[in-house]
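Enquirer: Handing over final-v1.cif, mmCIF, C-alpha atoms.
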data_work
loop_
_atom_site.group_PDB
_atom_site.id
_atom_site.type_symbol
_atom_site.label_atom_id
_atom_site.label_comp_id
_atom_site.auth_asym_id
_atom_site.auth_seq_id
_atom_site.Cartn_x
_atom_site.Cartn_y
_atom_site.Cartn_z
ATOM 1 C CA MET A 1 0.000 0.000 0.000
ATOM 2 C CA SER A 2 1.322 3.409 -0.747
ATOM 3 C CA THR A 3 1.057 6.376 1.542
ATOM 4 C CA PRO A 4 -0.176 9.639 0.275
ATOM 5 C CA GLN A 5 2.595 12.154 0.103
ATOM 6 C CA ASP A 6 2.424 15.680 1.392
ATOM 7 C CA PRO A 7 2.725 17.945 -1.589
ATOM 8 C CA HIS A 8 4.751 20.464 0.479
ATOM 9 C CA GLN A 9 7.364 18.005 1.692
ATOM 10 C CA PRO A 10 10.917 19.020 0.810
ATOM 11 C CA GLY A 11 12.432 17.091 -1.936
ATOM 12 C CA GLN A 12 9.091 16.518 -3.640
ATOM 13 C CA PRO A 13 8.199 18.404 -6.768
ATOM 14 C CA GLN A 14 5.363 20.832 -6.383
ATOM 15 C CA PRO A 15 2.504 20.834 -8.815
ATOM 16 C CA GLY A 16 3.388 22.830 -11.880
ATOM 17 C CA GLN A 17 7.103 22.466 -11.232
ATOM 18 C CA PRO A 18 9.467 20.225 -13.193
ATOM 19 C CA SER A 19 10.496 17.180 -11.206
ATOM 20 C CA GLY A 20 14.222 17.957 -10.847
ATOM 21 C CA GLU A 21 13.937 21.471 -9.422
ATOM 22 C CA SER A 22 13.482 22.970 -5.981
ATOM 23 C CA PRO A 23 10.811 25.558 -5.217
ATOM 24 C CA SER A 24 13.426 28.282 -5.808
ATOM 25 C CA GLY A 25 13.878 27.087 -9.356
ATOM 26 C CA THR A 26 17.332 25.567 -8.924
ATOM 27 C CA PRO A 27 17.987 21.906 -9.420
ATOM 28 C CA TYR A 28 17.958 19.846 -6.194
ATOM 29 C CA GLY A 29 21.405 19.519 -4.643
ATOM 30 C CA ARG A 30 22.739 22.581 -6.418
ATOM 31 C CA GLN A 31 22.994 26.107 -5.071
ATOM 32 C CA PRO A 32 22.862 29.148 -7.283
ATOM 33 C CA TYR A 33 26.266 30.617 -8.084
ATOM 34 C CA GLY A 34 27.632 32.842 -5.267
ATOM 35 C CA GLN A 35 25.264 31.549 -2.624
ATOM 36 C CA GLN A 36 26.392 29.219 0.041
ATOM 37 C CA SER A 37 24.313 27.062 2.223
ATOM 38 C CA ARG A 38 24.107 28.520 5.694
ATOM 39 C CA SER A 39 22.136 27.084 8.424
ATOM 40 C CA ARG A 40 20.466 29.817 10.420
ATOM 41 C CA GLN A 41 20.777 29.236 14.094
ATOM 42 C CA PRO A 42 19.455 31.945 16.331
ATOM 43 C CA LEU A 43 22.036 33.762 18.499
ATOM 44 C CA PRO A 44 21.606 33.232 22.195
ATOM 45 C CA PRO A 45 19.841 36.198 23.749
ATOM 46 C CA ALA A 46 22.253 38.699 25.315
ATOM 47 C CA PRO A 47 21.332 39.682 28.829
ATOM 48 C CA PHE A 48 20.809 43.404 29.502
ATOM 49 C CA GLY A 49 21.756 44.898 26.215
ATOM 50 C CA LEU A 50 22.310 44.618 22.560
ATOM 51 C CA PRO A 51 23.606 41.373 21.091
ATOM 52 C CA GLY A 52 27.367 41.135 21.254
ATOM 53 C CA GLN A 53 27.855 43.696 24.060
ATOM 54 C CA PRO A 54 29.147 42.386 27.362
ATOM 55 C CA PRO A 55 26.940 43.186 30.331
ATOM 56 C CA ALA A 56 27.913 46.269 32.302
ATOM 57 C CA ARG A 57 29.927 45.355 35.410
ATOM 58 C CA SER A 58 29.012 46.940 38.678
ATOM 59 C CA ARG A 59 31.870 48.658 40.476
ATOM 60 C CA LYS A 60 29.942 49.174 43.674
ATOM 61 C CA GLY A 61 31.968 46.544 45.546
ATOM 62 C CA MET A 62 35.257 48.102 44.475
ATOM 63 C CA TRP A 63 34.155 51.552 45.658
ATOM 64 C CA ILE A 64 33.067 50.140 49.012
ATOM 65 C CA VAL A 65 36.503 48.548 49.515
ATOM 66 C CA VAL A 66 38.280 51.745 48.409
ATOM 67 C CA GLY A 67 36.115 53.758 50.811
ATOM 68 C CA ILE A 68 36.852 51.453 53.747
ATOM 69 C CA VAL A 69 40.604 51.443 53.070
ATOM 70 C CA GLY A 70 40.601 55.229 52.665
ATOM 71 C CA GLY A 71 38.652 55.658 55.908
ATOM 72 C CA VAL A 72 41.056 53.441 57.855
ATOM 73 C CA LEU A 73 44.080 55.300 56.471
ATOM 74 C CA LEU A 74 42.509 58.634 57.369
ATOM 75 C CA LEU A 75 41.869 57.477 60.945
ATOM 76 C CA VAL A 76 45.459 56.266 61.295
ATOM 77 C CA VAL A 77 46.869 59.563 60.014
ATOM 78 C CA VAL A 78 44.597 61.636 62.276
ATOM 79 C CA GLY A 79 45.498 59.443 65.279
ATOM 80 C CA VAL A 80 49.243 59.808 64.667
ATOM 81 C CA LEU A 81 48.919 63.569 64.225
ATOM 82 C CA LEU A 82 46.922 63.872 67.450
ATOM 83 C CA ILE A 83 49.471 61.867 69.413
ATOM 84 C CA LEU A 84 52.372 63.834 67.966
ATOM 85 C CA ASN A 85 50.572 67.086 68.641
ATOM 86 C CA LEU A 86 49.718 66.173 72.232
ATOM 87 C CA VAL A 87 53.177 64.843 73.071
ATOM 88 C CA GLY A 88 54.936 67.551 71.087
ATOM 89 C CA GLY A 89 52.749 70.249 72.628
ATOM 90 C CA ALA A 90 53.388 69.024 76.177
ATOM 91 C CA THR A 91 57.130 68.712 75.514
ATOM 92 C CA ARG A 92 57.269 72.180 73.986
ATOM 93 C CA LYS A 93 55.321 73.610 76.931
ATOM 94 C CA ALA A 94 57.696 71.993 79.443
ATOM 95 C CA SER A 95 60.716 73.234 77.493
ATOM 96 C CA ASP A 96 59.278 76.764 77.394
ATOM 97 C CA LEU A 97 58.628 76.685 81.159
ATOM 98 C CA ALA A 98 62.173 75.530 81.880
ATOM 99 C CA ASP A 99 63.606 78.188 79.526
ATOM 100 C CA ASP A 100 61.576 81.002 81.063
ATOM 101 C CA PHE A 101 62.434 79.963 84.623
ATOM 102 C CA THR A 102 66.157 79.563 83.864
ATOM 103 C CA ARG A 103 66.348 82.961 82.106
ATOM 104 C CA LEU A 104 64.907 84.631 85.207
ATOM 105 C CA VAL A 105 67.386 82.771 87.439
ATOM 106 C CA ILE A 106 70.366 83.716 85.212
ATOM 107 C CA ALA A 107 69.192 87.350 85.100
ATOM 108 C CA GLY A 108 68.994 87.403 88.913
ATOM 109 C CA GLU A 109 65.213 87.903 88.985
ATOM 110 C CA THR A 110 64.770 85.281 91.702
ATOM 111 C CA ASP A 111 61.635 86.841 93.252
ATOM 112 C CA LYS A 112 59.734 86.671 89.939
ATOM 113 C CA ALA A 113 60.982 83.127 89.227
ATOM 114 C CA TYR A 114 59.896 82.066 92.732
ATOM 115 C CA ASP A 115 56.448 83.702 92.579
ATOM 116 C CA ASP A 116 55.517 82.756 89.001
ATOM 117 C CA PHE A 117 56.841 79.196 88.683
ATOM 118 C CA MET A 118 56.979 77.454 92.050
ATOM 119 C CA ASP A 119 54.184 75.242 93.361
ATOM 120 C CA PRO A 120 52.789 76.141 96.821
ATOM 121 C CA ALA A 121 54.000 72.777 98.198
ATOM 122 C CA LEU A 122 57.579 73.593 97.115
ATOM 123 C CA LYS A 123 57.280 77.102 98.585
ATOM 124 C CA GLU A 124 56.539 75.509 101.972
ATOM 125 C CA GLN A 125 59.858 73.600 101.802
ATOM 126 C CA LEU A 126 61.967 76.380 100.266
ATOM 127 C CA THR A 127 61.578 79.998 101.341
ATOM 128 C CA LYS A 128 62.026 82.877 98.939
ATOM 129 C CA ASP A 129 65.149 84.066 100.810
ATOM 130 C CA ASP A 130 66.766 80.612 100.783
ATOM 131 C CA PHE A 131 66.067 80.291 97.062
ATOM 132 C CA ALA A 132 67.540 83.755 96.335
ATOM 133 C CA SER A 133 70.693 83.110 98.393
ATOM 134 C CA GLY A 134 71.189 79.694 96.762
ATOM 135 C CA VAL A 135 70.985 81.184 93.244
ATOM 136 C CA GLU A 136 73.312 84.052 94.249
ATOM 137 C CA SER A 137 75.940 81.539 95.442
ATOM 138 C CA LEU A 138 76.119 80.066 91.915
ATOM 139 C CA LYS A 139 77.437 83.420 90.579
ATOM 140 C CA LEU A 140 75.556 83.244 87.273
ATOM 141 C CA ASP A 141 76.066 85.995 84.680
ATOM 142 C CA PRO A 142 74.400 86.988 81.386
ATOM 143 C CA SER A 143 76.960 84.985 79.365
ATOM 144 C CA CYS A 144 75.512 81.709 80.723
ATOM 145 C CA THR A 145 73.540 79.519 78.330
ATOM 146 C CA THR A 146 71.235 76.568 78.846
ATOM 147 C CA ALA A 147 71.496 73.104 77.305
ATOM 148 C CA TYR A 148 68.901 70.410 78.097
ATOM 149 C CA ASP A 149 70.056 66.799 78.089
ATOM 150 C CA ASP A 150 66.753 65.177 78.973
ATOM 151 C CA LEU A 151 63.127 66.227 78.776
ATOM 152 C CA LYS A 152 60.385 63.739 79.617
ATOM 153 C CA VAL A 153 56.662 64.334 79.692
ATOM 154 C CA SER A 154 54.225 61.867 81.265
ATOM 155 C CA THR A 155 50.845 61.612 82.977
ATOM 156 C CA GLU A 156 50.226 59.971 86.347
ATOM 157 C CA ASN A 157 46.786 59.871 87.997
ATOM 158 C CA GLU A 158 45.493 62.608 85.661
ATOM 159 C CA THR A 159 48.443 64.842 86.606
ATOM 160 C CA ASN A 160 50.830 65.996 83.888
ATOM 161 C CA ILE A 161 54.509 65.716 84.796
ATOM 162 C CA ALA A 162 57.527 67.164 83.009
ATOM 163 C CA ASP A 163 61.064 66.254 84.068
ATOM 164 C CA VAL A 164 63.831 68.482 82.738
ATOM 165 C CA ALA A 165 67.571 67.895 83.161
ATOM 166 C CA GLY A 166 70.525 69.726 81.671
ATOM 167 C CA LEU A 167 73.273 72.243 82.223
ATOM 168 C CA ILE A 168 73.653 75.955 82.654
ATOM 169 C CA LYS A 169 76.984 76.571 80.908
ATOM 170 C CA CYS A 170 78.887 79.582 82.115
ATOM 171 C CA GLU A 171 82.460 80.718 81.515
ATOM 172 C CA GLY A 172 84.706 78.376 83.459
ATOM 173 C CA LYS A 173 81.915 76.367 85.119
ATOM 174 C CA ASP A 174 78.823 74.270 84.472
ATOM 175 C CA ILE A 175 75.767 74.146 86.719
ATOM 176 C CA GLU A 176 73.624 71.004 86.746
ATOM 177 C CA LEU A 177 69.889 71.629 86.678
ATOM 178 C CA VAL A 178 67.056 69.236 87.414
ATOM 179 C CA TYR A 179 63.486 70.534 87.405
ATOM 180 C CA ARG A 180 60.164 68.782 87.832
ATOM 181 C CA PHE A 181 56.936 70.502 86.808
ATOM 182 C CA ALA A 182 53.537 69.005 87.627
ATOM 183 C CA GLY A 183 49.873 69.964 87.483
ATOM 184 C CA LYS A 184 46.523 69.251 85.887
ATOM 185 C CA ASP A 185 45.861 72.411 83.906
ATOM 186 C CA GLU A 186 48.886 74.557 84.683
ATOM 187 C CA LEU A 187 52.326 73.158 85.361
ATOM 188 C CA LYS A 188 54.199 74.443 88.408
ATOM 189 C CA MET A 189 57.662 73.544 89.661
ATOM 190 C CA VAL A 190 57.454 70.871 92.376
ATOM 191 C CA SER A 191 61.195 70.151 92.725
ATOM 192 C CA ILE A 192 64.434 71.883 91.792
ATOM 193 C CA ARG A 193 68.147 71.162 91.985
ATOM 194 C CA LEU A 194 70.829 73.605 90.899
ATOM 195 C CA LYS A 195 74.413 72.702 91.802
ATOM 196 C CA PRO A 196 77.872 73.133 90.319
ATOM 197 C CA LYS A 197 78.983 70.156 88.263
ATOM 198 C CA ASP A 198 81.958 68.271 89.716
#
Any chance you could put this one into structure tokens?
Expert:
Amino acid sequence: MSTPQDPHQPGQPQPGQPSGESPSGTPYGRQPYGQQSRSRQPLPPAPFGLPGQPPARSRKGMWIVVGIVGGVLLLVVVGVLLILNLVGGATRKASDLADDFTRLVIAGETDKAYDDFMDPALKEQLTKDDFASGVESLKLDPSCTTAYDDLKVSTENETNIADVAGLIKCEGKDIELVYRFAGKDELKMVSIRLKPKD
């Protein structure tokens, strides 16, 4: 028994068409000159854009990391500057106090040095007259200069402390100096030693 054939099946001649030709009019198995057989396969759909363009990459994660790293670096720099400023400021203040006090002592202005720089507790141990006679015995003159060997600043029980050690260098002699300043807001001298160096 034969099966009826679909008149539109490929490879079968269509009514009104010679038996060796395709619907395009070219013989079966032959392509017209200049045309090549290409199978059309659809391109896969491109996500988020035109075909062939890569999807846009989000840089949000990179900016978050850059922001965090930048923030940490900024905090470190600010912290170091604060520490340097606090320590440097306290050291500079102690150095200025020692300089001002020593200039008054060298100039013979012992009353002003005593009144302006000494802590009340030290004044109870050392009278103004004893201080003045002790400085006078050193025979300091305007040619004397000051050189600090050691300057330490610290904090103990919320009290700022500055220890200063050095020399008053005069012609033919050196005087050892050791000062200690202490206080919460304002530093005052709490101990002093001035003696000729052996």
Enquirer: Do you know which residues lie at most 12 Å from (58.0, 72.7, 98.4), with coordinates as in the file and all atoms listed in the file counted, and could you write them as a PDB file with C-alpha atoms, keeping the file's coordinate frame?
Expert:
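Contents of the output file result13.pdb:
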ATOM      1  CA  TYR A 114      59.896  82.066  92.732  1.00  0.00           C
ATOM      2  CA  PHE A 117      56.841  79.196  88.683  1.00  0.00           C
ATOM      3  CA  MET A 118      56.979  77.454  92.050  1.00  0.00           C
ATOM      4  CA  ASP A 119      54.184  75.242  93.361  1.00  0.00           C
ATOM      5  CA  PRO A 120      52.789  76.141  96.821  1.00  0.00           C
ATOM      6  CA  ALA A 121      54.000  72.777  98.198  1.00  0.00           C
ATOM      7  CA  LEU A 122      57.579  73.593  97.115  1.00  0.00           C
ATOM      8  CA  LYS A 123      57.280  77.102  98.585  1.00  0.00           C
ATOM      9  CA  GLU A 124      56.539  75.509 101.972  1.00  0.00           C
ATOM     10  CA  GLN A 125      59.858  73.600 101.802  1.00  0.00           C
ATOM     11  CA  LEU A 126      61.967  76.380 100.266  1.00  0.00           C
ATOM     12  CA  THR A 127      61.578  79.998 101.341  1.00  0.00           C
ATOM     13  CA  LYS A 128      62.026  82.877  98.939  1.00  0.00           C
ATOM     14  CA  PHE A 131      66.067  80.291  97.062  1.00  0.00           C
ATOM     15  CA  ARG A 180      60.164  68.782  87.832  1.00  0.00           C
ATOM     16  CA  PHE A 181      56.936  70.502  86.808  1.00  0.00           C
ATOM     17  CA  LYS A 188      54.199  74.443  88.408  1.00  0.00           C
ATOM     18  CA  MET A 189      57.662  73.544  89.661  1.00  0.00           C
ATOM     19  CA  VAL A 190      57.454  70.871  92.376  1.00  0.00           C
ATOM     20  CA  SER A 191      61.195  70.151  92.725  1.00  0.00           C
ATOM     21  CA  ILE A 192      64.434  71.883  91.792  1.00  0.00           C
TER      22      ILE A 192
END
Enquirer: Between atom CA of Ser154 of chain A and atom CA of Arg193 of chain A, what is the distance in Å, rounded to a tenth?
Expert: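 Between these atoms lies a distance of 19.9 Å.
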Enquirer: Could you check which residues have any atom within 10 Å of (43.8, 72.1, 85.4), counting only C-alpha atoms with coordinates taken straight from the file, and then list them as a PyMOL selection string?
Expert: chain A and resi 158-160+183-187
Enquirer: Once the PyMOL selection byres ((chain A and resi 95) around 10) has been evaluated on this model, what residues remain selected, and can you format them as a tab-separated table (two decimals) with C-alpha atoms, in the coordinates of the input?
Expert:
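out-v6.tsv was written with the following content:
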chain	number	residue	atom	x	y	z
A	89	GLY	CA	52.75	70.25	72.63
A	90	ALA	CA	53.39	69.02	76.18
A	91	THR	CA	57.13	68.71	75.51
A	92	ARG	CA	57.27	72.18	73.99
A	93	LYS	CA	55.32	73.61	76.93
A	94	ALA	CA	57.70	71.99	79.44
A	96	ASP	CA	59.28	76.76	77.39
A	97	LEU	CA	58.63	76.68	81.16
A	98	ALA	CA	62.17	75.53	81.88
A	99	ASP	CA	63.61	78.19	79.53
A	100	ASP	CA	61.58	81.00	81.06
A	101	PHE	CA	62.43	79.96	84.62
A	148	TYR	CA	68.90	70.41	78.10
A	151	LEU	CA	63.13	66.23	78.78
A	152	LYS	CA	60.38	63.74	79.62
A	162	ALA	CA	57.53	67.16	83.01
A	163	ASP	CA	61.06	66.25	84.07
A	164	VAL	CA	63.83	68.48	82.74
Enquirer: May I ask for the distance between atom CA of Val105 of chain A and atom CA of Thr145 of chain A, given in Å to one decimal place?
Expert: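 Spanning atom CA of Val105 of chain A to atom CA of Thr145 of chain A is a straight-line distance of 11.5 Å.
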Enquirer: Put a box with edges along x, y and z around all the listed atoms of segment 149-166 of chain A, pad it by 3 Å on each side, then give me its centre and sizes in Å, one decimal, as AutoDock Vina command-line options.
Expert:
--center_x 58.0 --center_y 64.8 --center_z 83.0 --size_x 31.0 --size_y 15.9 --size_z 15.9
Enquirer: Identify all residues satisfying the PyMOL selection byres ((chain A and resi 142) around 8) in the given file; provide them as a PDB file with C-alpha atoms, keeping the file's coordinate frame.
Expert:
ATOM      1  CA  ILE A 106      70.366  83.716  85.212  1.00  0.00           C
ATOM      2  CA  ALA A 107      69.192  87.350  85.100  1.00  0.00           C
ATOM      3  CA  LEU A 140      75.556  83.244  87.273  1.00  0.00           C
ATOM      4  CA  ASP A 141      76.066  85.995  84.680  1.00  0.00           C
ATOM      5  CA  SER A 143      76.960  84.985  79.365  1.00  0.00           C
ATOM      6  CA  CYS A 144      75.512  81.709  80.723  1.00  0.00           C
TER       7      CYS A 144
END
Enquirer: Using only C-alpha atoms, which residues sit within 8 Å of Ile168 of chain A once same-chain residues fewer than 5 positions away are excluded, as a ChimeraX atom specification?
Expert: /A:144-147,174-177
Enquirer: Produce a file of the selected residues containing C-alpha atoms, as a PDB file, keeping the file's coordinate frame.
Expert:
ATOM      1  CA  CYS A 144      75.512  81.709  80.723  1.00  0.00           C
ATOM      2  CA  THR A 145      73.540  79.519  78.330  1.00  0.00           C
ATOM      3  CA  THR A 146      71.235  76.568  78.846  1.00  0.00           C
ATOM      4  CA  ALA A 147      71.496  73.104  77.305  1.00  0.00           C
ATOM      5  CA  ASP A 174      78.823  74.270  84.472  1.00  0.00           C
ATOM      6  CA  ILE A 175      75.767  74.146  86.719  1.00  0.00           C
ATOM      7  CA  GLU A 176      73.624  71.004  86.746  1.00  0.00           C
ATOM      8  CA  LEU A 177      69.889  71.629  86.678  1.00  0.00           C
TER       9      LEU A 177
END
Enquirer: Please compute the atom CA of Glu136 of chain A-atom CA of Lys197 of chain A distance, one decimal, in Å.
Expert: 16.2 Å
